[in-house]
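Notes follow once the structure below has been shown.
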Amino acid sequence: QVQLVESGGGLVQPGGSLRLSCAASERTTSNAMGWFRQAPGKEREFVATISRQGSISYYADSVKGRFTISRDNVKNTVYLQMNSLKPEDTAVYYCAAGENMATAQSMRDSRGLYVEYWGQGTQVTVSS
């Protein structure tokens, strides 16, 4: 069982930046990886996914141009660089590892259905 541990969340002012990290307990080179988020009273939503080798990534329209997903397969870590943060980005952010046959695209399209492992989540609050 793969353990995913997120870090890097916190309180930031609008326009600020944060970098989330997700450390896996074992190799995840056979898994597409991603980030999802859930705001209070809302359903969980897709944020970004990245392919096994990191060559392909997808973003929600709401974060495109502001967020960047990346991965370091040597460190078994996935990152989410978040710039120009807005109050509507406030949510709990979850790291996700896809099932063996899932791709970054199918993880995006399935809204998390093809996720095999979830992290515990890290709170991001954007407020002045």
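How things are named: the first chain in the structure tokens is A, the next is B, and so on; residues count from 1 in each chain; ligands count from 1 in the order shown.
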Contacts of Met82 of chain A at 9 Å (only C-alpha atoms; same-chain gap of 5+ positions) as a ChimeraX atom specification: /A:16-20,63,66-69
Would you list the contacts of Gln13 of chain A as a ChimeraX atom specification, taking every protein, DNA or RNA residue within 8 Å and counting only C-alpha atoms, but skipping same-chain residues closer than 6 positions in sequence? /A:85,126-128
Compile the contact shell of Asp89 of chain A as JSON, numbers by chain: residues with an atom at most 9 Å away, counting only C-alpha atoms, same-chain residues fewer than 6 positions apart removed. {"A": [37, 39, 62, 63, 124, 125, 126]}
Considering only alpha helix (DSSP H) as DSSP defines it on the backbone, what residues of chain A qualify? List them as a PyMOL selection string. chain A and resi 104-109
C-alpha atoms of the current selection, written as a PDB file, in the first residue's frame:
```pdb
ATOM      1  CA  ALA A 104      -3.070  11.383 -16.533  1.00  0.00           C
ATOM      2  CA  GLN A 105      -5.937  12.016 -18.952  1.00  0.00           C
ATOM      3  CA  SER A 106      -8.202   9.292 -17.524  1.00  0.00           C
ATOM      4  CA  MET A 107      -7.545  10.512 -13.991  1.00  0.00           C
ATOM      5  CA  ARG A 108      -8.627  13.967 -15.127  1.00  0.00           C
ATOM      6  CA  ASP A 109     -11.703  12.776 -17.010  1.00  0.00           C
TER       7      ASP A 109
END
```
Which of segment 29-78 of chain A end up as strand (DSSP E or B) when DSSP is run on this backbone - answer as a count of residues only? 23
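The closest residue to Glu26 of chain A, picked from A:Ser84, A:Thr90, A:Gln1, A:Ser51 and counting only C-alpha atoms, is A:Gln1.
Of the residues under consideration (A:Gly98, A:Pro87, A:Gly15, A:Gly8), A:Gly98 shows the shortest atom-to-atom contact distance to Ser30 of chain A when counting only C-alpha atoms.
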